[in-house]
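One file, start.cif, carrying mmCIF, C-alpha atoms:
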```
data_upload
loop_
_atom_site.label_atom_id
_atom_site.label_comp_id
_atom_site.auth_asym_id
_atom_site.auth_seq_id
_atom_site.Cartn_x
_atom_site.Cartn_y
_atom_site.Cartn_z
CA MET A 1 85.75 103.30 110.64
CA ARG A 2 86.14 101.14 113.73
CA ALA A 3 84.93 103.79 116.17
CA ASN A 4 82.01 105.14 114.17
CA VAL A 5 80.99 103.26 111.03
CA LEU A 6 81.25 99.65 112.23
CA THR A 7 79.09 100.45 115.25
CA ASP A 8 76.29 101.99 113.18
CA ALA A 9 72.80 100.47 113.55
CA ARG A 10 72.62 99.92 109.77
CA LEU A 11 75.52 97.48 110.01
CA LEU A 12 74.62 95.94 113.36
CA LYS A 13 71.44 94.59 111.81
CA LEU A 14 73.60 92.69 109.28
CA ALA A 15 75.40 90.78 112.05
CA GLY A 16 73.80 87.42 111.27
CA GLN A 17 74.16 87.70 107.50
CA PHE A 18 77.96 87.65 107.54
CA ALA A 19 80.87 86.31 109.54
CA TRP A 20 83.16 89.06 110.87
CA LEU A 21 86.92 89.18 111.31
CA ASP A 22 89.27 91.98 112.19
CA ILE A 23 92.90 91.82 111.25
CA ASP A 24 95.54 94.07 112.78
CA THR A 25 98.36 93.95 110.20
CA GLU A 26 100.92 94.85 112.88
CA GLN A 27 100.34 91.54 114.66
CA PRO A 28 102.84 88.83 113.65
CA ARG A 29 100.10 86.19 113.84
CA ASN A 30 98.38 87.97 110.92
CA PHE A 31 101.38 88.10 108.57
CA ALA A 32 100.25 84.88 106.85
CA PHE A 33 96.85 86.48 106.16
CA VAL A 34 98.53 89.55 104.64
CA GLU A 35 100.74 87.33 102.50
CA ARG A 36 97.64 85.62 101.18
CA PHE A 37 95.52 88.78 100.83
CA PRO A 38 97.92 91.67 100.10
CA ILE A 39 96.86 95.03 101.52
CA GLU A 40 97.63 98.36 99.87
CA ALA A 41 95.81 100.78 102.17
CA TRP A 42 94.51 101.02 105.72
CA PRO A 43 91.75 100.46 106.51
CA THR A 44 90.64 97.97 103.87
CA ILE A 45 87.36 96.06 104.01
CA LEU A 46 87.42 92.66 102.33
CA VAL A 47 84.51 90.35 101.70
CA ILE A 48 85.76 86.81 101.19
CA ASP A 49 83.79 84.02 99.58
CA PRO A 50 84.36 81.31 102.21
CA THR A 51 83.93 78.43 99.76
CA ARG A 52 86.66 79.48 97.36
CA GLU A 53 88.56 81.76 99.77
CA GLN A 54 88.46 84.41 97.07
CA VAL A 55 88.04 88.14 97.59
CA ALA A 56 84.65 89.33 96.32
CA LEU A 57 84.89 92.92 97.55
CA ARG A 58 87.97 94.99 98.27
CA TRP A 59 87.23 98.46 99.61
CA MET A 60 90.22 100.61 100.46
CA GLY A 61 89.87 103.57 102.79
CA THR A 62 86.86 104.84 104.64
CA ALA A 63 83.19 104.46 103.81
CA THR A 64 80.00 105.70 105.38
CA ALA A 65 77.73 103.17 107.09
CA GLU A 66 75.24 103.58 104.25
CA GLU A 67 77.90 102.91 101.61
CA LEU A 68 79.23 99.91 103.47
CA GLU A 69 75.75 98.45 103.96
CA ARG A 70 75.09 98.76 100.23
CA LEU A 71 78.47 97.26 99.32
CA LEU A 72 78.09 94.30 101.68
CA LEU A 73 74.54 93.48 100.63
CA GLY A 74 75.43 93.84 96.94
CA THR A 75 78.42 91.54 97.35
CA ALA A 76 76.34 88.98 99.25
CA ARG A 77 73.76 89.02 96.43
CA THR A 78 76.49 88.50 93.84
CA LEU A 79 77.91 85.57 95.81
CA ARG A 80 74.48 83.99 96.14
CA HIS A 81 73.88 84.49 92.41
CA ASP A 82 70.45 85.78 93.41
CA ARG A 83 70.11 87.53 90.14
CA THR A 84 71.99 87.93 86.91
CA ASP A 85 73.97 91.05 87.59
CA ALA A 86 76.77 91.60 85.08
CA ALA A 87 77.90 94.76 86.84
CA GLY A 88 78.10 93.08 90.25
CA ALA A 89 79.93 90.10 88.78
CA ALA A 90 82.48 92.38 87.08
CA LEU A 91 82.92 94.30 90.34
CA ALA A 92 83.64 91.06 92.22
CA ARG A 93 86.07 89.98 89.47
CA GLY A 94 87.84 93.34 89.83
CA ALA A 95 88.16 92.78 93.58
CA ALA A 96 89.67 89.33 93.09
CA LEU A 97 92.14 90.68 90.51
CA ALA A 98 93.07 93.63 92.73
CA SER A 99 93.66 91.23 95.60
CA ALA A 100 96.07 89.31 93.36
CA ARG A 101 97.80 92.66 92.67
CA LYS A 102 96.74 92.53 89.00
CA HIS A 103 95.76 96.18 89.10
CA ALA A 104 95.56 96.91 85.36
CA GLU A 105 93.28 93.88 84.86
CA ALA A 106 91.27 94.92 87.91
CA ALA A 107 90.82 98.39 86.39
CA ALA A 108 89.48 96.79 83.19
CA ALA A 109 86.97 94.78 85.24
CA TYR A 110 85.85 97.86 87.18
CA ARG A 111 85.43 99.80 83.91
CA GLU A 112 83.36 96.88 82.58
CA ALA A 113 81.23 97.01 85.75
CA LEU A 114 80.58 100.73 85.26
CA GLU A 115 79.56 100.18 81.64
CA ALA A 116 77.34 97.20 82.48
CA GLY A 117 75.72 99.01 85.41
CA GLY A 118 75.02 102.25 83.60
CA PRO A 119 74.29 105.61 85.21
CA GLY A 120 71.55 104.37 87.56
CA TRP A 121 73.47 101.43 89.06
CA THR A 122 73.66 101.61 92.87
CA GLY A 123 77.22 100.29 92.79
CA ARG A 124 78.42 103.06 90.48
CA ALA A 125 80.11 105.25 93.09
CA GLY A 126 81.93 102.32 94.66
CA ALA A 127 83.08 101.00 91.28
CA ALA A 128 84.28 104.48 90.27
CA ASP A 129 86.31 104.72 93.47
CA ALA A 130 87.75 101.22 92.96
CA LEU A 131 88.61 102.00 89.32
CA LEU A 132 90.69 105.03 90.31
CA GLN A 133 92.45 103.11 93.06
CA ALA A 134 93.29 100.32 90.61
CA LEU A 135 94.62 102.75 87.99
CA SER A 136 96.68 104.54 90.61
CA LEU A 137 98.16 101.25 91.83
CA ALA A 138 98.74 100.22 88.19
CA ARG A 139 100.87 103.40 87.91
CA ASP A 140 98.70 104.84 85.18
CA PRO A 141 98.13 108.36 86.55
CA ALA A 142 97.09 109.89 83.23
CA ARG A 143 94.22 107.43 82.80
CA CYS A 144 93.35 107.70 86.46
CA ALA A 145 93.04 111.50 86.21
CA GLY A 146 91.12 111.17 82.93
CA GLU A 147 88.64 108.71 84.42
CA ALA A 148 88.13 111.01 87.41
CA ARG A 149 87.29 113.89 85.07
CA ARG A 150 84.83 111.72 83.15
CA LEU A 151 83.20 110.15 86.21
CA LEU A 152 82.88 113.14 88.53
CA PRO A 153 79.99 114.81 86.66
CA THR A 154 78.06 111.53 86.83
CA LEU A 155 78.32 111.09 90.62
CA PRO A 156 76.06 112.76 93.18
CA PRO A 157 77.77 115.17 95.60
CA GLY A 158 78.79 113.04 98.56
CA PRO A 159 81.50 110.83 100.03
CA ALA A 160 82.20 108.75 96.91
CA ALA A 161 82.52 111.81 94.66
CA ALA A 162 84.84 113.37 97.24
CA ARG A 163 87.07 110.28 97.18
CA VAL A 164 87.07 110.23 93.38
CA ALA A 165 88.02 113.93 93.31
CA ALA A 166 90.85 113.40 95.80
CA ALA A 167 92.15 110.27 94.06
CA GLY A 168 91.92 111.90 90.63
CA LEU A 169 93.75 115.00 91.79
CA GLY A 170 96.38 112.81 93.45
CA CYS A 171 96.88 111.06 90.11
CA ALA A 172 97.00 114.40 88.26
CA THR A 173 100.06 115.44 90.28
CA SER A 174 101.86 112.32 88.99
CA VAL A 175 101.08 112.77 85.29
CA GLU A 176 104.48 112.86 83.59
CA ALA A 177 103.92 115.17 80.61
CA PRO A 178 103.96 118.77 81.95
CA GLY A 179 101.20 120.02 79.64
CA ALA A 180 98.87 117.12 80.40
CA ARG A 181 99.66 117.43 84.10
CA ALA A 182 98.79 121.15 84.14
CA GLU A 183 95.56 120.47 82.28
CA ALA A 184 94.55 117.67 84.66
CA LEU A 185 95.39 119.81 87.71
CA ALA A 186 93.41 122.74 86.32
CA ALA A 187 90.36 120.50 85.87
CA LEU A 188 90.56 118.52 89.11
CA GLU A 189 91.74 121.09 91.64
CA PRO A 190 88.44 123.04 91.55
CA ALA A 191 86.57 119.72 91.73
CA ALA A 192 88.47 118.70 94.88
CA ARG A 193 88.04 122.16 96.37
CA GLY A 194 84.28 121.95 95.68
CA ALA A 195 84.12 118.47 97.20
CA LEU A 196 85.15 119.93 100.58
CA ARG A 197 81.61 121.30 100.70
CA PHE A 198 79.91 117.96 99.93
CA PRO A 199 77.67 116.56 102.67
CA GLU A 200 78.48 113.53 104.83
CA VAL A 201 82.13 113.26 103.78
CA PRO A 202 83.96 111.36 106.56
CA SER A 203 86.90 113.09 108.26
CA ASP A 204 89.50 110.80 106.69
CA ASP A 205 88.17 111.64 103.23
CA ARG A 206 88.20 115.37 103.98
CA SER A 207 91.82 114.98 105.04
CA GLY A 208 92.39 113.14 101.76
CA LEU A 209 91.01 116.13 99.86
CA TYR A 210 93.22 118.59 101.74
CA GLU A 211 96.26 116.39 101.16
CA ALA A 212 95.53 116.18 97.43
CA LEU A 213 95.02 119.96 97.26
CA GLN A 214 98.30 120.56 99.11
CA ASN A 215 100.19 118.22 96.77
CA ALA A 216 98.56 119.84 93.74
CA ARG A 217 99.94 123.24 94.79
CA LYS A 218 103.38 121.67 95.28
CA ALA A 219 103.16 120.07 91.83
CA SER A 220 102.51 123.57 90.46
CA GLN A 221 105.63 124.85 92.30
CA ASP A 222 103.36 127.05 94.41
CA GLU A 223 104.88 126.69 97.89
CA ALA A 224 102.84 129.58 99.31
CA GLY A 225 99.66 127.95 98.01
CA ALA A 226 100.68 124.60 99.54
CA ARG A 227 101.27 126.31 102.90
CA ALA A 228 97.89 128.01 102.67
CA VAL A 229 96.20 124.63 102.18
CA ALA A 230 98.18 123.14 105.09
CA ARG A 231 97.05 126.02 107.31
CA GLU A 232 93.42 125.60 106.30
CA TRP A 233 93.74 121.83 106.91
CA LEU A 234 95.29 122.22 110.37
CA ASP A 235 92.67 124.80 111.38
CA TRP A 236 89.96 122.36 110.32
CA ILE A 237 91.64 119.49 112.24
CA GLU A 238 91.73 121.55 115.40
CA VAL A 239 88.06 122.45 115.14
CA GLU A 240 87.00 118.87 114.33
CA SER A 241 89.16 117.19 116.97
CA ALA A 242 87.86 119.62 119.61
CA ARG A 243 84.41 118.20 118.83
CA ALA A 244 85.59 114.58 119.24
CA THR A 245 83.87 112.85 122.12
CA THR A 246 86.48 110.17 122.91
CA PRO A 247 90.29 110.10 123.09
CA LEU A 248 90.24 107.50 120.28
CA SER A 249 88.25 109.68 117.90
CA ARG A 250 90.41 112.69 118.81
CA SER A 251 93.63 110.74 118.24
CA ALA A 252 92.40 109.72 114.77
CA PHE A 253 93.45 113.21 113.64
CA ASP A 254 96.99 112.94 115.01
CA GLY A 255 98.72 111.76 111.84
CA ALA A 256 97.30 114.60 109.76
CA ARG A 257 97.80 117.00 112.67
CA LEU A 258 101.51 116.22 112.78
CA SER A 259 102.11 116.28 109.03
CA THR A 260 100.35 119.64 108.55
CA ALA A 261 102.16 121.17 111.52
CA MET A 262 105.47 119.94 110.08
CA ALA A 263 104.60 121.44 106.71
CA LEU A 264 103.96 124.76 108.43
CA GLY A 265 106.99 124.54 110.74
CA GLU A 266 104.60 124.84 113.69
CA VAL A 267 105.10 121.55 115.52
CA ILE A 268 105.10 123.25 118.92
CA ARG A 269 101.45 124.11 118.28
CA VAL A 270 100.40 120.44 118.14
CA LEU A 271 102.60 119.03 120.92
CA PRO A 272 99.90 119.37 123.64
CA ALA A 273 97.40 117.36 121.58
CA LEU A 274 99.97 114.63 120.84
CA GLU A 275 100.98 114.53 124.52
CA ALA A 276 97.31 114.12 125.43
CA SER A 277 97.03 111.14 123.07
CA ALA A 278 100.19 109.60 124.53
CA ARG A 279 98.71 109.95 128.02
CA ALA A 280 95.40 108.46 126.87
CA PHE A 281 97.09 105.46 125.21
CA PRO A 282 100.19 104.68 127.30
CA ASP A 283 100.29 101.08 126.03
CA GLN A 284 99.94 101.92 122.33
CA TYR A 285 103.03 102.52 120.24
CA PHE A 286 101.30 104.78 117.73
CA ALA A 287 100.57 107.66 120.11
CA LEU A 288 104.13 107.62 121.44
CA ALA A 289 105.52 107.37 117.91
CA TYR A 290 103.71 110.54 116.78
CA LEU A 291 104.86 112.33 119.91
CA ALA A 292 108.48 111.25 119.38
CA ARG A 293 108.46 112.55 115.82
CA ALA A 294 106.99 115.87 116.99
CA GLN A 295 109.53 116.20 119.81
CA LEU A 296 112.34 115.61 117.33
CA GLU A 297 110.93 118.24 114.97
CA ALA A 298 110.56 120.63 117.88
CA GLY A 299 114.29 120.36 118.63
CA ARG A 300 113.97 118.12 121.69
CA PRO A 301 116.09 115.13 120.66
CA THR A 302 116.65 113.68 124.12
CA GLN A 303 112.92 113.60 124.84
CA ALA A 304 112.27 112.27 121.33
CA ALA A 305 114.76 109.41 121.71
CA ALA A 306 113.26 108.34 125.04
CA THR A 307 109.69 108.51 123.67
CA ALA A 308 110.62 106.61 120.50
CA HIS A 309 112.43 103.98 122.58
CA ALA A 310 109.28 103.47 124.66
CA ALA A 311 107.21 103.26 121.47
CA ALA A 312 109.57 100.71 119.92
CA ARG A 313 109.23 98.46 122.96
CA LEU A 314 105.47 98.36 122.40
CA ALA A 315 105.60 97.78 118.63
CA ASP A 316 106.07 94.38 117.02
CA GLY A 317 105.06 94.72 113.39
CA PRO A 318 106.23 96.49 110.21
CA ARG A 319 105.79 99.96 111.69
CA LYS A 320 108.34 99.22 114.41
CA VAL A 321 110.98 99.89 111.74
CA ASN A 322 109.86 103.50 111.38
CA VAL A 323 109.68 103.97 115.15
CA LEU A 324 113.28 102.75 115.49
CA LEU A 325 114.30 105.05 112.65
CA VAL A 326 112.86 108.03 114.56
CA GLU A 327 114.79 106.86 117.63
CA ALA A 328 118.00 106.65 115.59
CA ARG A 329 117.49 110.14 114.14
CA ALA A 330 116.77 111.54 117.59
CA LEU A 331 119.91 109.91 119.03
CA ARG A 332 121.98 111.29 116.17
CA ALA A 333 120.49 114.75 116.65
CA GLY A 334 121.42 114.50 120.34
CA GLY A 335 124.99 113.52 119.47
CA ASP A 336 124.78 109.83 120.48
CA LEU A 337 126.14 108.29 117.29
CA ALA A 338 126.77 104.86 118.81
CA GLY A 339 123.19 104.74 120.06
CA ALA A 340 121.92 105.90 116.69
CA ARG A 341 123.88 103.17 114.91
CA ALA A 342 122.50 100.54 117.30
CA ALA A 343 118.91 101.76 116.75
CA VAL A 344 119.23 101.81 112.97
CA ASP A 345 120.82 98.34 112.99
CA GLN A 346 117.90 97.11 115.07
CA ALA A 347 115.47 98.72 112.61
CA LEU A 348 117.14 96.97 109.68
CA ARG A 349 117.28 93.61 111.46
CA HIS A 350 113.64 93.80 112.44
CA GLY A 351 112.44 94.92 109.01
CA GLU A 352 114.52 92.44 107.03
CA GLY A 353 113.29 89.65 109.28
CA LEU A 354 109.66 90.33 108.34
CA PRO A 355 107.91 88.31 105.62
CA GLU A 356 108.20 89.94 102.20
CA ALA A 357 104.49 90.83 102.02
CA VAL A 358 104.64 93.02 105.11
CA ARG A 359 108.20 94.32 104.80
CA PRO A 360 108.15 98.17 104.75
CA LYS A 361 110.49 98.57 101.79
CA GLY A 362 110.48 102.37 101.61
CA VAL A 363 111.26 102.77 105.31
CA LEU A 364 113.99 100.12 105.07
CA LYS A 365 115.63 102.10 102.25
CA ALA A 366 115.56 105.20 104.45
CA ALA A 367 117.07 103.15 107.31
CA ALA A 368 119.84 101.87 105.02
CA ARG A 369 120.61 105.47 103.95
CA LEU A 370 120.80 106.57 107.59
CA ARG A 371 123.07 103.61 108.42
CA ASP A 372 125.41 104.68 105.59
CA GLU A 373 125.35 108.31 106.72
CA LEU A 374 126.15 107.28 110.28
CA ALA A 375 128.97 105.02 109.11
CA ALA A 376 130.50 107.96 107.25
CA GLN A 377 130.01 110.38 110.14
CA PRO A 378 133.02 110.91 112.42
CA ALA A 379 132.45 110.34 116.11
CA ALA A 380 132.00 114.01 117.02
CA PRO A 381 131.33 114.39 120.74
CA ALA A 382 129.44 117.69 120.52
CA ALA A 383 125.66 117.57 120.38
CA THR A 384 124.16 119.21 117.34
CA PRO A 385 120.82 120.96 117.14
CA ALA A 386 117.96 118.72 116.15
CA ALA A 387 118.07 118.32 112.43
CA ARG A 388 114.93 118.06 110.38
CA PRO A 389 114.73 114.35 109.54
CA SER A 390 114.90 113.48 105.92
CA PRO A 391 111.65 112.08 104.52
CA MET B 392 81.18 68.33 114.74
CA ARG B 393 83.74 71.03 115.50
CA ALA B 394 82.20 73.29 112.87
CA LEU B 395 78.76 72.63 114.33
CA LEU B 396 79.93 73.54 117.85
CA LEU B 397 81.53 76.70 116.49
CA ALA B 398 78.36 77.64 114.67
CA VAL B 399 76.32 77.12 117.81
CA ALA B 400 78.76 79.19 119.88
CA LEU B 401 78.76 82.05 117.40
CA ALA B 402 75.01 81.91 116.89
CA ALA B 403 74.67 82.31 120.64
CA ALA B 404 76.89 85.39 120.42
CA ALA B 405 74.77 87.00 117.69
CA PRO B 406 72.16 88.66 119.97
CA ALA B 407 75.01 90.42 121.79
CA ALA B 408 76.04 91.88 118.45
CA ALA B 409 72.65 93.44 117.99
CA ALA B 410 73.13 95.09 121.38
CA GLY B 411 75.94 97.34 120.17
CA ALA B 412 78.86 95.67 118.42
CA LEU B 413 79.38 93.40 115.46
CA PRO B 414 80.66 89.96 116.52
CA PHE B 415 84.18 90.39 115.16
CA VAL B 416 86.63 87.55 115.67
CA ALA B 417 89.97 89.22 116.44
CA ASP B 418 93.06 88.21 114.49
CA ASP B 419 92.03 84.63 113.79
CA TYR B 420 91.31 83.94 110.12
CA ALA B 421 90.89 80.19 110.56
CA THR B 422 88.18 80.57 113.19
CA ALA B 423 86.31 83.26 111.27
CA LEU B 424 86.52 81.26 108.03
CA ALA B 425 85.18 78.18 109.80
CA ASP B 426 82.27 80.25 111.11
CA ALA B 427 81.52 81.63 107.64
CA ARG B 428 81.59 78.12 106.16
CA ALA B 429 79.45 76.66 108.93
CA ARG B 430 76.78 79.32 108.47
CA ASN B 431 77.28 79.59 104.69
CA VAL B 432 77.69 83.37 104.79
CA PRO B 433 80.35 85.68 103.34
CA LEU B 434 83.26 86.71 105.57
CA VAL B 435 83.73 90.45 106.15
CA VAL B 436 87.27 91.39 107.14
CA ASP B 437 88.19 94.77 108.61
CA VAL B 438 91.92 95.10 107.92
CA TRP B 439 93.46 97.87 110.01
CA ALA B 440 96.56 98.93 111.87
CA PRO B 441 96.93 101.10 114.95
CA TRP B 442 98.41 104.30 113.52
#
```

Take the structure I supplied and represent it as structure tokens, if you would.
Amino acid sequence: MRANVLTDARLLKLAGQFAWLDIDTEQPRNFAFVERFPIEAWPTILVIDPTREQVALRWMGTATAEELERLLLGTARTLRHDRTDAAGAALARGAALASARKHAEAAAAYREALEAGGPGWTGRAGAADALLQALSLARDPARCAGEARRLLPTLPPGPAAARVAAAGLGCATSVEAPGARAEALAALEPAARGALRFPEVPSDDRSGLYEALQNARKASQDEAGARAVAREWLDWIEVESARATTPLSRSAFDGARLSTAMALGEVIRVLPALEASARAFPDQYFALAYLARAQLEAGRPTQAAATAHAAARLADGPRKVNVLLVEARALRAGGDLAGARAAVDQALRHGEGLPEAVRPKGVLKAAARLRDELAAQPAAPAATPAARPSP
Amino acid sequence: MRALLLAVALAAAAPAAAAGALPFVADDYATALADARARNVPLVVDVWAPW
């Protein structure tokens, strides 16, 4: 988004019609903003009504420049009350509710927007996407998958339909009843597979489709099928990242690159690319953090601990907890239990000291489990082979 | 007066935006909100994290 979409000429011409703010949620000075406007996904675009300080648009994930232009102009019109637009008003109400973490109510508002707007409404794709996100966050996967199945035939092939297919399939994997889950997967897996061929789907959204397809195979207990998707995904990443024209746009693939390589047990294959990112961004924790995780997976715990330590020194926000956790796992894998205990204690101290809104609760649970494991582990002097870190 | 000065400063920055980058205020909600209020325009926020 930052490298490509926000520099597009379509958006540059809107410069004077809006005020512009970027917020890095890893920066402590922004924690108060995140407490006030909770964030569920990165990136998220918010449009805030400056008079009431209320969120009028909340767009999670990527968007094309054309989509973003339409969303911003539509939101501006709604805020100016230029015209009576029931659909736009319901969409803005949904955004405000979602920002207050009232996801079920937000879903109702988005559904109302879709009904008010009808099939020809220009905001339809965006509202469909927002509806699925709200239902997913409201932990209503059955409705989320059902809405995806209903909405997909009404959306033109393109980025929004691809996101709806991926989100719907993601929800289908979480449907509790086995029969309903199988039915939802059977309907949405071909839709997500077909969406890979849609035009103008941004890279992040294509990765989202592959991830949903991989998880769908896992949900069907088809490990070979999940591996096949991971292989297809990693092959695509390598082709796409080879076309990238800047280190930043190449490094944007690193997270997916690492997770697919881990799924395939082929981390060695991606080490050179992650090392290149670390060299390109020596002052950025994220490149070092990916490299550390890969080195640990590749059975190089000493290297991994040193890289993670360097990454942790550069990090200051919620994600520092995860970096310290990688360092602790690497130290344990290398046989340094005292060092591992110190790193995990630092991770817990840092994470628990963060404001509630930005505290990484899942990672802190993993850190607490590792602390307990280390406390129960006798001080064995011998180094052990690098263990695969628990998720 | 402060809001007026801010508006003038940011208005002066606007042509630079047209030259290649949107005039994002980095990590400063209060300043960006003051700009939005001074110019009576909505505030667009790009929320991200380096990862």

Could you tell me how far CA of Ser220 (chain A) lies from CA of Cys171 (chain A), in Å and to one decimal?
13.7 Å

Measuring atom to atom with only C-alpha atoms, identify which of A:Ala104, A:Leu132, A:Leu248, A:Ile237 is nearest to chain B.
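Smallest separation from chain B among the options: A:Leu248.
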
Can you write out as a tab-separated table which residues of chain A fall within 7 Å of chain B, alongside each residue's closest atom pair and its distance in Å to one decimal, counting all atoms listed in the file and ordering rows by chain and ascending residue number?
```
residue	atom	partner	partner_atom	distance
A:Thr7	CA	B:Ala412	CA	5.7
A:Leu12	CA	B:Ala409	CA	5.6
A:Lys13	CA	B:Ala409	CA	6.4
A:Ala15	CA	B:Leu413	CA	5.9
A:Gly16	CA	B:Ala405	CA	6.5
A:Gln17	CA	B:Val432	CA	6.2
A:Phe18	CA	B:Val432	CA	5.1
A:Ala19	CA	B:Leu434	CA	4.7
A:Trp20	CA	B:Phe415	CA	4.6
A:Leu21	CA	B:Val416	CA	4.7
A:Asp22	CA	B:Asp437	CA	4.7
A:Ile23	CA	B:Val438	CA	4.8
A:Asp24	CA	B:Ala440	CA	5.0
A:Thr25	CA	B:Ala440	CA	5.6
A:Glu26	CA	B:Ala440	CA	6.1
A:Asn30	CA	B:Asp418	CA	6.4
A:Trp42	CA	B:Trp439	CA	5.4
A:Pro43	CA	B:Trp439	CA	4.7
A:Thr44	CA	B:Val438	CA	5.1
A:Ile45	CA	B:Asp437	CA	4.8
A:Leu46	CA	B:Val436	CA	5.0
A:Val47	CA	B:Val435	CA	4.5
A:Ile48	CA	B:Leu434	CA	5.0
A:Asp49	CA	B:Pro433	CA	5.4
A:Pro50	CA	B:Arg428	CA	5.8
A:Thr51	CA	B:Arg428	CA	6.8
A:Ala76	CA	B:Pro433	CA	6.6
A:Phe286	CA	B:Trp442	CA	5.1
```

Evaluate the PyMOL selection byres ((chain A and resi 58) around 9) and report residues as a PyMOL selection string:
chain A and resi 44-48+55-57+59-60+92+94-96+98-99+130

What lies within 7 Å of region 106-110 of chain A using all atoms listed in the file, ignoring chain neighbours under 4 positions off, as a ChimeraX atom specification?
/A:90-91,93-95,97-98,102,114,127,130-131,134-135

Any chance you could resolve the PyMOL selection byres ((chain A and resi 308-313) around 12) against this file and give the residues as a PyMOL selection string?
(chain A and resi 278+281-296+301-307+314-331+339-340+342-344+346-347+350) or (chain B and resi 442)

By how many Å are CA of Asp345 (chain A) and CA of Ala333 (chain A) apart?
16.8 Å

Have a look at CA of Glu275 (chain A) and CA of Arg332 (chain A) and let me know their distance in Å, one decimal.
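Spanning CA of Glu275 (chain A) to CA of Arg332 (chain A) is a straight-line distance of 22.8 Å.
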
Of the candidates A:Glu53, A:Ala113, A:Ser207, A:Asp372, which shows the shortest atom-to-atom distance to Phe33 (chain A), using all atoms listed in the file?
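Nearest candidate to Phe33 (chain A) out of A:Glu53, A:Ala113, A:Ser207, A:Asp372: A:Glu53.
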
Please provide as a list in words all residues within 10 Å of Gly168 (chain A), with the sequence filter that same-chain residues fewer than 5 positions apart are discarded (counting only C-alpha atoms).
Asp129, Leu132, Gln133, Leu135, Ser136, Pro141, Ala142, Arg143, Cys144, Ala145, Gly146, Glu147, Ala148, Arg149, Leu151, Leu152, Ala162, Arg163, Thr173, Ala184, Leu185, Ala187, Leu188, Glu189, Ala191, Ala192 and Ala212 of chain A

Could you expand the PyMOL selection byres ((chain A and resi 222-227) around 10) into the explicit residues it covers here, written as a PDB file with C-alpha atoms, in the frame of the given file?
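Once written, part-v3.pdb looks like this:
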```pdb
ATOM      1  CA  TYR A 210      93.220 118.590 101.740  1.00  0.00           C
ATOM      2  CA  GLU A 211      96.260 116.390 101.160  1.00  0.00           C
ATOM      3  CA  LEU A 213      95.020 119.960  97.260  1.00  0.00           C
ATOM      4  CA  GLN A 214      98.300 120.560  99.110  1.00  0.00           C
ATOM      5  CA  ASN A 215     100.190 118.220  96.770  1.00  0.00           C
ATOM      6  CA  ALA A 216      98.560 119.840  93.740  1.00  0.00           C
ATOM      7  CA  ARG A 217      99.940 123.240  94.790  1.00  0.00           C
ATOM      8  CA  LYS A 218     103.380 121.670  95.280  1.00  0.00           C
ATOM      9  CA  ALA A 219     103.160 120.070  91.830  1.00  0.00           C
ATOM     10  CA  SER A 220     102.510 123.570  90.460  1.00  0.00           C
ATOM     11  CA  GLN A 221     105.630 124.850  92.300  1.00  0.00           C
ATOM     12  CA  ALA A 228      97.890 128.010 102.670  1.00  0.00           C
ATOM     13  CA  VAL A 229      96.200 124.630 102.180  1.00  0.00           C
ATOM     14  CA  ALA A 230      98.180 123.140 105.090  1.00  0.00           C
ATOM     15  CA  ARG A 231      97.050 126.020 107.310  1.00  0.00           C
ATOM     16  CA  GLU A 232      93.420 125.600 106.300  1.00  0.00           C
ATOM     17  CA  TRP A 233      93.740 121.830 106.910  1.00  0.00           C
ATOM     18  CA  THR A 260     100.350 119.640 108.550  1.00  0.00           C
ATOM     19  CA  ALA A 263     104.600 121.440 106.710  1.00  0.00           C
ATOM     20  CA  LEU A 264     103.960 124.760 108.430  1.00  0.00           C
ATOM     21  CA  GLY A 265     106.990 124.540 110.740  1.00  0.00           C
TER      22      GLY A 265
END
```
